[in-house]
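Coordinates from data-v5.txt are shown below (compact mmCIF, C-alpha atoms and all ligand atoms).
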```txt
# COMPACT_ATOMS: atom_id res chain seq x y z
CA MET A 1 -0.72 -92.64 54.74
CA THR A 2 2.34 -90.62 55.76
CA ASP A 3 3.84 -87.92 53.54
CA GLN A 4 6.92 -90.08 53.14
CA THR A 5 4.78 -92.92 51.79
CA THR A 6 3.25 -90.59 49.21
CA ASP A 7 6.63 -89.17 48.24
CA VAL A 8 8.17 -92.63 47.78
CA ARG A 9 5.18 -93.91 45.79
CA ASP A 10 5.16 -90.85 43.56
CA HIS A 11 8.88 -91.21 43.01
CA TRP A 12 8.65 -94.82 41.84
CA THR A 13 5.40 -94.55 39.88
CA ARG A 14 5.67 -94.23 36.09
CA THR A 15 2.14 -95.01 34.93
CA GLY A 16 1.88 -97.38 31.96
CA THR A 17 4.92 -99.52 32.77
CA LEU A 18 3.37 -102.78 31.55
CA GLY A 19 2.24 -101.23 28.26
CA ARG A 20 5.75 -99.98 27.55
CA ILE A 21 7.27 -103.39 28.35
CA ASP A 22 4.68 -105.14 26.15
CA ALA A 23 5.34 -102.80 23.22
CA VAL A 24 9.09 -103.53 23.31
CA LEU A 25 8.53 -107.28 23.77
CA THR A 26 6.30 -107.26 20.68
CA GLU A 27 8.83 -105.21 18.73
CA LEU A 28 11.51 -107.77 19.63
CA GLY A 29 9.32 -110.62 18.36
CA HIS A 30 8.13 -112.01 21.72
CA ASP A 31 4.56 -112.79 22.70
CA PRO A 32 4.03 -110.64 25.82
CA GLU A 33 1.48 -113.17 27.14
CA HIS A 34 4.07 -115.94 27.16
CA VAL A 35 7.33 -114.75 28.67
CA THR A 36 10.02 -116.20 30.92
CA PRO A 37 12.35 -114.70 33.53
CA ASP A 38 15.15 -115.10 30.96
CA ILE A 39 13.35 -112.94 28.41
CA LEU A 40 12.48 -110.31 31.03
CA ALA A 41 15.87 -110.30 32.77
CA SER A 42 17.13 -106.98 31.39
CA VAL A 43 14.02 -105.06 32.48
CA GLU A 44 12.95 -106.65 35.77
CA HIS A 45 15.99 -106.55 38.10
CA LEU A 46 15.58 -102.99 39.32
CA HIS A 47 18.81 -102.60 41.23
CA SER A 48 22.46 -101.83 40.67
CA GLY A 49 24.11 -104.64 38.73
CA GLY A 50 20.80 -106.10 37.54
CA LEU A 51 20.53 -109.88 37.13
CA LYS A 52 24.21 -110.41 37.95
CA THR A 53 23.76 -108.95 41.44
CA THR A 54 20.70 -111.16 42.00
CA GLN A 55 22.69 -114.24 40.91
CA ASP A 56 25.70 -113.35 43.05
CA GLN A 57 23.50 -112.73 46.07
CA ALA A 58 21.46 -115.92 45.59
CA GLN A 59 24.50 -118.19 45.30
CA ARG A 60 25.61 -117.08 48.78
CA LEU A 61 22.44 -118.57 50.29
CA SER A 62 21.07 -122.06 50.69
CA LEU A 63 17.80 -121.97 48.74
CA GLY A 64 15.33 -124.69 47.79
CA PRO A 65 11.62 -125.47 47.39
CA GLU A 66 11.13 -125.44 51.18
CA THR A 67 12.68 -122.00 51.63
CA ARG A 68 10.16 -119.29 52.52
CA VAL A 69 11.44 -115.94 51.28
CA LEU A 70 10.19 -112.40 51.90
CA ASP A 71 11.32 -109.88 49.27
CA ILE A 72 10.96 -106.39 50.77
CA GLY A 73 10.55 -103.64 48.18
CA CYS A 74 10.18 -106.27 45.47
CA GLY A 75 9.57 -103.84 42.59
CA ILE A 76 7.96 -105.61 39.62
CA GLY A 77 9.00 -109.00 41.04
CA GLY A 78 11.97 -109.83 38.81
CA PRO A 79 14.23 -111.12 41.62
CA ALA A 80 11.30 -113.11 43.07
CA ARG A 81 10.71 -114.78 39.70
CA TYR A 82 14.44 -115.54 39.39
CA LEU A 83 14.46 -117.22 42.83
CA ALA A 84 11.24 -119.15 42.17
CA ALA A 85 12.29 -120.30 38.69
CA ASN A 86 15.83 -121.32 39.68
CA PHE A 87 15.42 -122.62 43.23
CA GLY A 88 11.68 -123.31 43.55
CA CYS A 89 11.37 -121.05 46.63
CA GLN A 90 8.02 -119.82 47.95
CA ILE A 91 8.17 -116.04 47.90
CA HIS A 92 6.14 -113.18 49.30
CA GLY A 93 7.00 -109.81 47.81
CA VAL A 94 5.86 -106.48 49.24
CA ASP A 95 6.32 -103.05 47.75
CA LEU A 96 4.98 -99.63 48.65
CA THR A 97 4.21 -98.68 45.03
CA PRO A 98 0.97 -100.11 43.59
CA GLU A 99 2.16 -99.66 39.97
CA MET A 100 5.10 -101.96 40.70
CA ILE A 101 2.93 -104.62 42.32
CA GLU A 102 0.22 -104.57 39.63
CA THR A 103 2.87 -104.91 36.89
CA GLY A 104 4.63 -107.65 38.86
CA GLN A 105 1.47 -109.68 39.41
CA ILE A 106 0.71 -109.78 35.68
CA LEU A 107 4.29 -110.68 34.71
CA THR A 108 4.35 -113.42 37.35
CA GLU A 109 1.10 -114.86 35.99
CA ARG A 110 2.45 -114.76 32.45
CA CYS A 111 5.63 -116.57 33.56
CA GLY A 112 3.47 -119.30 35.13
CA LEU A 113 4.93 -118.68 38.60
CA SER A 114 1.82 -117.56 40.51
CA ASP A 115 1.77 -120.79 42.53
CA LYS A 116 5.14 -119.85 44.07
CA ILE A 117 4.95 -116.05 44.29
CA THR A 118 2.55 -113.67 46.03
CA LEU A 119 3.09 -109.95 45.45
CA GLN A 120 1.20 -107.37 47.47
CA VAL A 121 1.34 -103.71 48.40
CA GLY A 122 3.09 -103.39 51.74
CA ASP A 123 5.48 -101.23 53.73
CA ALA A 124 9.01 -102.24 54.73
CA ARG A 125 8.55 -100.14 57.86
CA ASP A 126 5.50 -102.11 59.02
CA LEU A 127 5.73 -105.72 57.88
CA ALA A 128 2.31 -107.39 58.08
CA PHE A 129 3.58 -110.92 58.78
CA PRO A 130 3.66 -113.01 61.97
CA ASP A 131 6.89 -113.40 63.94
CA ALA A 132 9.41 -115.95 62.65
CA SER A 133 7.62 -116.56 59.32
CA PHE A 134 10.55 -116.58 56.89
CA ASP A 135 13.81 -118.47 56.34
CA VAL A 136 15.23 -115.69 54.19
CA VAL A 137 14.47 -111.99 53.97
CA TRP A 138 15.72 -110.42 50.74
CA CYS A 139 15.94 -106.71 49.98
CA GLN A 140 17.66 -104.95 47.06
CA ASN A 141 18.11 -101.19 46.72
CA VAL A 142 15.28 -100.17 49.04
CA THR A 143 16.73 -98.85 52.28
CA MET A 144 18.03 -95.67 50.62
CA ASN A 145 14.43 -94.40 50.95
CA ILE A 146 14.06 -95.46 54.60
CA PRO A 147 15.23 -93.02 57.29
CA ASP A 148 14.58 -95.26 60.31
CA LYS A 149 17.01 -98.12 59.70
CA VAL A 150 16.77 -99.28 63.32
CA GLY A 151 12.99 -99.74 63.06
CA PHE A 152 13.35 -101.41 59.66
CA LEU A 153 15.96 -103.89 60.91
CA ALA A 154 13.84 -104.68 63.99
CA GLY A 155 10.98 -105.65 61.66
CA VAL A 156 13.23 -107.85 59.52
CA HIS A 157 14.59 -109.53 62.66
CA ARG A 158 11.05 -110.15 63.95
CA VAL A 159 9.73 -111.88 60.80
CA LEU A 160 12.86 -114.05 60.36
CA LYS A 161 13.04 -117.48 61.94
CA PRO A 162 15.91 -117.89 64.44
CA GLY A 163 19.00 -118.66 62.36
CA GLY A 164 17.30 -117.14 59.31
CA ILE A 165 19.21 -115.07 56.78
CA PHE A 166 18.74 -111.48 55.77
CA THR A 167 20.45 -110.35 52.59
CA SER A 168 20.35 -106.86 51.18
CA THR A 169 22.05 -104.59 48.70
CA GLU A 170 22.54 -101.08 50.01
CA PHE A 171 24.51 -97.91 49.48
CA SER A 172 26.53 -96.24 52.18
CA THR A 173 28.07 -92.82 52.01
CA GLY A 174 31.75 -92.82 51.12
CA PRO A 175 34.79 -90.65 51.88
CA GLY A 176 34.57 -88.78 48.53
CA GLY A 177 32.21 -86.00 49.62
CA GLU A 178 28.55 -85.08 49.18
CA MET A 179 26.43 -87.11 46.76
CA ILE A 180 25.46 -85.69 43.42
CA PHE A 181 21.71 -85.68 42.68
CA PRO A 182 19.48 -86.77 41.05
CA VAL A 183 20.07 -90.50 41.39
CA MET A 184 17.77 -93.46 40.83
CA TRP A 185 16.17 -93.32 44.27
CA ALA A 186 15.91 -89.55 44.80
CA TYR A 187 15.90 -86.24 42.97
CA ASP A 188 17.32 -84.48 46.02
CA ALA A 189 18.48 -85.15 49.57
CA SER A 190 14.95 -85.07 51.01
CA MET A 191 14.33 -88.71 50.01
CA SER A 192 17.82 -90.12 50.42
CA PHE A 193 18.96 -91.62 53.71
CA LEU A 194 22.44 -93.10 53.54
CA ASP A 195 24.73 -93.79 56.48
CA THR A 196 28.43 -94.54 56.72
CA GLU A 197 29.62 -98.13 56.56
CA ASP A 198 30.45 -98.04 60.27
CA GLN A 199 26.99 -96.79 61.15
CA MET A 200 25.42 -99.54 59.02
CA ARG A 201 27.47 -102.27 60.66
CA ALA A 202 26.55 -100.94 64.12
CA GLN A 203 22.84 -100.92 63.19
CA PHE A 204 22.94 -104.57 62.07
CA ASP A 205 24.83 -105.51 65.21
CA ALA A 206 22.42 -103.67 67.52
CA ALA A 207 19.42 -105.31 65.80
CA GLY A 208 20.75 -108.77 66.69
CA PHE A 209 22.31 -109.85 63.40
CA ARG A 210 25.61 -111.65 62.96
CA ILE A 211 27.43 -110.49 59.84
CA ARG A 212 28.30 -113.36 57.47
CA GLU A 213 29.40 -111.45 54.37
CA TRP A 214 29.91 -107.74 53.76
CA ILE A 215 31.01 -107.31 50.17
CA ASN A 216 32.04 -104.12 48.42
CA TYR A 217 30.32 -104.60 45.04
CA THR A 218 30.93 -101.08 43.72
CA ASP A 219 33.37 -101.91 40.92
CA GLU A 220 31.06 -104.60 39.47
CA VAL A 221 28.22 -102.07 39.39
CA ILE A 222 30.34 -99.37 37.74
CA ASP A 223 31.25 -101.88 34.99
CA TRP A 224 27.59 -102.87 34.61
CA LEU A 225 26.47 -99.25 34.32
CA LYS A 226 28.92 -98.73 31.46
CA GLN A 227 27.26 -101.64 29.57
CA MET A 228 23.75 -100.39 30.28
CA GLY A 229 23.78 -97.57 27.78
CA LYS A 230 24.28 -99.88 24.78
CA PRO A 231 21.92 -98.59 22.08
CA ASP A 232 20.90 -102.07 20.83
CA ASN A 233 19.18 -102.98 24.10
CA LYS A 234 15.59 -101.70 24.17
CA LEU A 235 14.22 -103.90 26.95
CA THR A 236 15.76 -101.92 29.81
CA THR A 237 14.80 -100.55 33.20
CA GLN A 238 14.17 -97.19 31.54
CA LEU A 239 10.70 -98.61 30.73
CA VAL A 240 10.08 -98.76 34.50
CA PHE A 241 12.10 -95.79 35.77
CA GLY A 242 11.37 -93.21 33.07
CA ASP A 243 13.10 -91.25 30.33
CA ASP A 244 15.69 -89.62 32.61
CA THR A 245 17.09 -92.99 33.72
CA ALA A 246 20.38 -92.63 31.83
CA MET A 247 21.10 -89.22 33.37
CA ARG A 248 20.39 -90.44 36.91
CA ALA A 249 22.39 -93.63 36.34
CA LYS A 250 25.31 -91.52 35.14
CA ASN A 251 25.23 -89.53 38.37
CA GLY A 252 25.09 -92.83 40.25
CA ALA A 253 28.20 -94.06 38.45
CA ARG A 254 30.01 -90.80 39.17
CA ASN A 255 29.06 -91.00 42.87
CA MET A 256 30.62 -94.47 43.03
CA GLU A 257 33.69 -93.64 40.93
CA GLU A 258 34.42 -90.62 43.13
CA LYS A 259 33.73 -92.69 46.28
CA ARG A 260 30.85 -90.47 47.33
CA THR A 261 28.82 -93.68 47.69
CA ILE A 262 29.74 -97.35 48.14
CA TYR A 263 27.53 -100.28 47.11
CA TRP A 264 27.35 -103.34 49.37
CA ILE A 265 26.02 -106.87 49.20
CA ILE A 266 25.25 -107.83 52.78
CA VAL A 267 24.42 -111.27 54.19
CA VAL A 268 23.61 -111.53 57.90
CA GLU A 269 22.12 -114.15 60.17
CA ARG A 270 19.50 -113.71 62.87
CA ALA A 271 21.57 -114.67 65.88
C1 LIG B 301 15.16 -99.63 43.08
S1 LIG B 301 13.59 -100.36 43.27
C2 LIG B 301 14.10 -102.02 43.66
C3 LIG B 301 13.05 -103.04 43.36
C4 LIG B 301 13.46 -104.50 43.60
N1 LIG B 301 14.02 -104.68 44.92
C5 LIG B 301 14.46 -104.94 42.58
O1 LIG B 301 15.65 -104.92 42.90
O2 LIG B 301 14.08 -105.30 41.46
C6 LIG B 301 13.13 -99.75 44.88
C7 LIG B 301 11.75 -100.21 45.32
O3 LIG B 301 11.62 -100.00 46.73
C8 LIG B 301 10.28 -99.70 46.98
N2 LIG B 301 10.20 -99.08 48.32
C9 LIG B 301 10.77 -97.92 48.75
N3 LIG B 301 10.45 -97.70 50.04
C10 LIG B 301 9.67 -98.75 50.43
C11 LIG B 301 9.03 -99.10 51.65
N4 LIG B 301 9.08 -98.32 52.74
N5 LIG B 301 8.33 -100.25 51.69
C12 LIG B 301 8.23 -101.06 50.61
N6 LIG B 301 8.80 -100.76 49.42
C13 LIG B 301 9.52 -99.62 49.34
C14 LIG B 301 9.89 -98.80 45.84
O4 LIG B 301 8.50 -98.72 45.67
C15 LIG B 301 10.60 -99.47 44.66
O5 LIG B 301 9.76 -100.39 44.00
```
Show the structure stored in the file as structure tokens.
Ligand SMILES: C[S@@+](CC[C@H](N)C(=O)[O-])C[C@H]1O[C@@H](n2cnc3c(N)ncnc32)[C@H](O)[C@@H]1O
Amino acid sequence: MTDQTTDVRDHWTRTGTLGRIDAVLTELGHDPEHVTPDILASVEHLHSGGLKTTQDQAQRLSLGPETRVLDIGCGIGGPARYLAANFGCQIHGVDLTPEMIETGQILTERCGLSDKITLQVGDARDLAFPDASFDVVWCQNVTMNIPDKVGFLAGVHRVLKPGGIFTSTEFSTGPGGEMIFPVMWAYDASMSFLDTEDQMRAQFDAAGFRIREWINYTDEVIDWLKQMGKPDNKLTTQLVFGDDTAMRAKNGARNMEEKRTIYWIIVVERA
């Protein structure tokens, strides 16, 4: 296990995630053993823009029961459950953080989606799947923790079928100056690896991807972050990310408003 693996796992581990989710579900009058992706939506999409980003990304793809999807850095499996419940896709999710996977496996079981979704601990930098196994590779808010984008993209390219689609949500640096920390993915610069938009485009190109859509989604996310702090919503990602979520999200909003970072939805094709 590399030091970076340990650092990333420690960063994303908040022991007792499922217990906190269950307590709030019970408080809101739900039976935690019988939930649906709709009930869990506000807590299980662990990326900028939440469910709306997942929906916007999914509607840009052609998805159905025959589509084999790999979700890299799947978190607690919320996006996987959305794709399985709405499109019937078969999904493998991998994530470096065991707490995320264990929580995700139980929620998937409770949603009755275990026949369509397999979640396992795995590393985006070393994908343990045969060549050309997937029609779609999906990845939301993960690459900020990955320094070697070239190696990562080579792995994605390898596991995709020819003509397959890779879609990701990622931050680039912006023209507004140095990022303010802490943010959701890092407390300081040692775990944050953002490039410029031009560098990102060049990396996708060099890895053998043809860009289909490259969407600046920053304004949508800023609007979403403003809604997030509403006091009446208790079933939030704070249960997964920890008590300092609001402070880190506020820094994230400021980074985007001041154009220190830019948030992208990216859809590319394996050429
Ligand atoms: C912001 S969360 C996003 C989770 C999920 N994609 C979602 O949107 O709901 C980032 C996730 O990336 C995972 N991650 C970071 N580096 C990883 C790596 N090298 N391999 C696999 N997962 C990684 C973390 O463990 C964490 O669960």
Expected selection as a PyMOL selection string for ligand LIG 301 (chain B) within 8 Å, all atoms listed in the file: chain A and resi 5+8-9+11-13+44-48+50+71-79+94-98+100+121-125+139-146+184-185
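The space between atom CA of Thr261 of chain A and atom CA of Phe171 of chain A spans 6.3 Å.
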Find the residues near Gly64 of chain A: any atom within 10 Å, counting only C-alpha atoms, skip ones fewer than 2 places away on the same chain, and give them as a PyMOL selection string. chain A and resi 61-62+66-68+83-84+86-90
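With all atoms listed in the file as the atoms that count, the residue of A:Leu51, A:Met256, A:Leu28, A:Ile266 with the shortest distance to Gly177 of chain A is A:Met256.
If all atoms listed in the file are the atoms counted, then among A:Ile21, A:Ile39, A:Val267, A:Met200 the closest residue to Leu239 of chain A is A:Ile21.
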Would you pick out the contacts of Glu257 of chain A at 12 Å or less, using all atoms listed in the file, so that residues sharing its chain but fewer than 3 positions from it are not included, and give the list as a PDB file with C-alpha atoms, in the coordinates of the input?
```pdb
ATOM      1  CA  GLY A 174      31.750 -92.820  51.120  1.00  0.00           C
ATOM      2  CA  PRO A 175      34.790 -90.650  51.880  1.00  0.00           C
ATOM      3  CA  GLY A 176      34.570 -88.780  48.530  1.00  0.00           C
ATOM      4  CA  GLY A 177      32.210 -86.000  49.620  1.00  0.00           C
ATOM      5  CA  MET A 179      26.430 -87.110  46.760  1.00  0.00           C
ATOM      6  CA  ILE A 180      25.460 -85.690  43.420  1.00  0.00           C
ATOM      7  CA  THR A 218      30.930-101.080  43.720  1.00  0.00           C
ATOM      8  CA  ASP A 219      33.370-101.910  40.920  1.00  0.00           C
ATOM      9  CA  GLU A 220      31.060-104.600  39.470  1.00  0.00           C
ATOM     10  CA  VAL A 221      28.220-102.070  39.390  1.00  0.00           C
ATOM     11  CA  ILE A 222      30.340 -99.370  37.740  1.00  0.00           C
ATOM     12  CA  ASP A 223      31.250-101.880  34.990  1.00  0.00           C
ATOM     13  CA  LEU A 225      26.470 -99.250  34.320  1.00  0.00           C
ATOM     14  CA  LYS A 226      28.920 -98.730  31.460  1.00  0.00           C
ATOM     15  CA  LYS A 250      25.310 -91.520  35.140  1.00  0.00           C
ATOM     16  CA  ASN A 251      25.230 -89.530  38.370  1.00  0.00           C
ATOM     17  CA  GLY A 252      25.090 -92.830  40.250  1.00  0.00           C
ATOM     18  CA  ALA A 253      28.200 -94.060  38.450  1.00  0.00           C
ATOM     19  CA  ARG A 254      30.010 -90.800  39.170  1.00  0.00           C
ATOM     20  CA  ARG A 260      30.850 -90.470  47.330  1.00  0.00           C
ATOM     21  CA  THR A 261      28.820 -93.680  47.690  1.00  0.00           C
ATOM     22  CA  ILE A 262      29.740 -97.350  48.140  1.00  0.00           C
ATOM     23  CA  TYR A 263      27.530-100.280  47.110  1.00  0.00           C
TER      24      TYR A 263
END
```
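The closest residue to Leu107 of chain A, picked from A:Asp56, A:Asp188, A:Asp22, A:Glu27 and counting all atoms listed in the file, is A:Asp22.
Taking atom CA of Ala80 of chain A and atom CA of Glu33 of chain A as the two end points, the separation is 18.7 Å.
Taking all atoms listed in the file into account, Phe134 of chain A lies nearest to A:Lys161 out of the set A:Arg248, A:Arg110, A:Lys116, A:Lys161.
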Extract, using only C-alpha atoms, all DNA, RNA and protein residues at most 12 Å from Pro32 of chain A, discarding same-chain residues fewer than 6 positions from it, and format them as an MDAnalysis selection string. chainID A and resid 18:26 39:40 106:111
Restricted to C-alpha atoms, what would the selected residues look like written as a compact mmCIF listing (two decimals), in the frame of the given file?
```
# COMPACT_ATOMS: atom_id res chain seq x y z
CA LEU A 18 3.37 -102.78 31.55
CA GLY A 19 2.24 -101.23 28.26
CA ARG A 20 5.75 -99.98 27.55
CA ILE A 21 7.27 -103.39 28.35
CA ASP A 22 4.68 -105.14 26.15
CA ALA A 23 5.34 -102.80 23.22
CA VAL A 24 9.09 -103.53 23.31
CA LEU A 25 8.53 -107.28 23.77
CA THR A 26 6.30 -107.26 20.68
CA ILE A 39 13.35 -112.94 28.41
CA LEU A 40 12.48 -110.31 31.03
CA ILE A 106 0.71 -109.78 35.68
CA LEU A 107 4.29 -110.68 34.71
CA THR A 108 4.35 -113.42 37.35
CA GLU A 109 1.10 -114.86 35.99
CA ARG A 110 2.45 -114.76 32.45
CA CYS A 111 5.63 -116.57 33.56
```
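Atom CA of Phe152 of chain A to atom CA of Ala85 of chain A spans 28.2 Å [interatomic distance, one decimal].
Closest approach to Glu170 of chain A among A:Trp224, A:Tyr217, A:Phe193, A:Trp264 is made by A:Trp264 (distances from only C-alpha atoms).
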Show me, as a PyMOL selection string, the residues that have an atom within 8 Å of segment 205-210 of chain A when counting all atoms listed in the file, minus same-chain residues fewer than 4 positions from it. chain A and resi 150+153-154+157+201+268-271
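Each of A:Ile215, A:Val183, A:Ile91, A:Met191 was checked against Leu63 of chain A using all atoms listed in the file; the smallest atom-to-atom distance is that of A:Ile91.
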Since fewer atoms than expected are present, regenerate N, CA and C atoms for segment 144-160 of chain A and write them as an mmCIF file, keeping the file's coordinate frame.
```
data_model
loop_
_atom_site.group_PDB
_atom_site.id
_atom_site.type_symbol
_atom_site.label_atom_id
_atom_site.label_comp_id
_atom_site.auth_asym_id
_atom_site.auth_seq_id
_atom_site.Cartn_x
_atom_site.Cartn_y
_atom_site.Cartn_z
ATOM 1 N N MET A 144 17.630 -97.061 50.875
ATOM 2 C CA MET A 144 18.030 -95.670 50.620
ATOM 3 C C MET A 144 16.870 -94.710 50.861
ATOM 4 N N ASN A 145 15.626 -95.226 50.744
ATOM 5 C CA ASN A 145 14.430 -94.400 50.950
ATOM 6 C C ASN A 145 13.892 -94.496 52.381
ATOM 7 N N ILE A 146 14.591 -95.223 53.251
ATOM 8 C CA ILE A 146 14.060 -95.460 54.600
ATOM 9 C C ILE A 146 14.941 -94.762 55.650
ATOM 10 N N PRO A 147 14.401 -93.729 56.310
ATOM 11 C CA PRO A 147 15.230 -93.020 57.290
ATOM 12 C C PRO A 147 15.474 -93.819 58.570
ATOM 13 N N ASP A 148 14.463 -94.558 59.027
ATOM 14 C CA ASP A 148 14.580 -95.260 60.310
ATOM 15 C C ASP A 148 15.106 -96.680 60.100
ATOM 16 N N LYS A 149 16.413 -96.795 59.966
ATOM 17 C CA LYS A 149 17.010 -98.120 59.700
ATOM 18 C C LYS A 149 16.845 -99.040 60.914
ATOM 19 N N VAL A 150 16.879 -98.458 62.108
ATOM 20 C CA VAL A 150 16.770 -99.280 63.320
ATOM 21 C C VAL A 150 15.399 -99.952 63.358
ATOM 22 N N GLY A 151 14.346 -99.175 63.083
ATOM 23 C CA GLY A 151 12.990 -99.740 63.060
ATOM 24 C C GLY A 151 12.846 -100.769 61.954
ATOM 25 N N PHE A 152 13.421 -100.475 60.789
ATOM 26 C CA PHE A 152 13.350 -101.410 59.660
ATOM 27 C C PHE A 152 14.015 -102.737 60.023
ATOM 28 N N LEU A 153 15.226 -102.658 60.585
ATOM 29 C CA LEU A 153 15.960 -103.890 60.910
ATOM 30 C C LEU A 153 15.256 -104.683 62.024
ATOM 31 N N ALA A 154 14.594 -103.981 62.926
ATOM 32 C CA ALA A 154 13.840 -104.680 63.990
ATOM 33 C C ALA A 154 12.714 -105.493 63.359
ATOM 34 N N GLY A 155 12.055 -104.926 62.348
ATOM 35 C CA GLY A 155 10.980 -105.650 61.660
ATOM 36 C C GLY A 155 11.502 -106.864 60.922
ATOM 37 N N VAL A 156 12.631 -106.714 60.239
ATOM 38 C CA VAL A 156 13.230 -107.850 59.520
ATOM 39 C C VAL A 156 13.577 -108.956 60.520
ATOM 40 N N HIS A 157 14.191 -108.573 61.622
ATOM 41 C CA HIS A 157 14.590 -109.530 62.660
ATOM 42 C C HIS A 157 13.354 -110.277 63.179
ATOM 43 N N ARG A 158 12.282 -109.557 63.393
ATOM 44 C CA ARG A 158 11.050 -110.150 63.950
ATOM 45 C C ARG A 158 10.460 -111.209 63.026
ATOM 46 N N VAL A 159 10.409 -110.931 61.708
ATOM 47 C CA VAL A 159 9.730 -111.880 60.800
ATOM 48 C C VAL A 159 10.628 -113.051 60.392
ATOM 49 N N LEU A 160 11.942 -112.945 60.684
ATOM 50 C CA LEU A 160 12.860 -114.050 60.360
ATOM 51 C C LEU A 160 12.788 -115.138 61.423
#
```
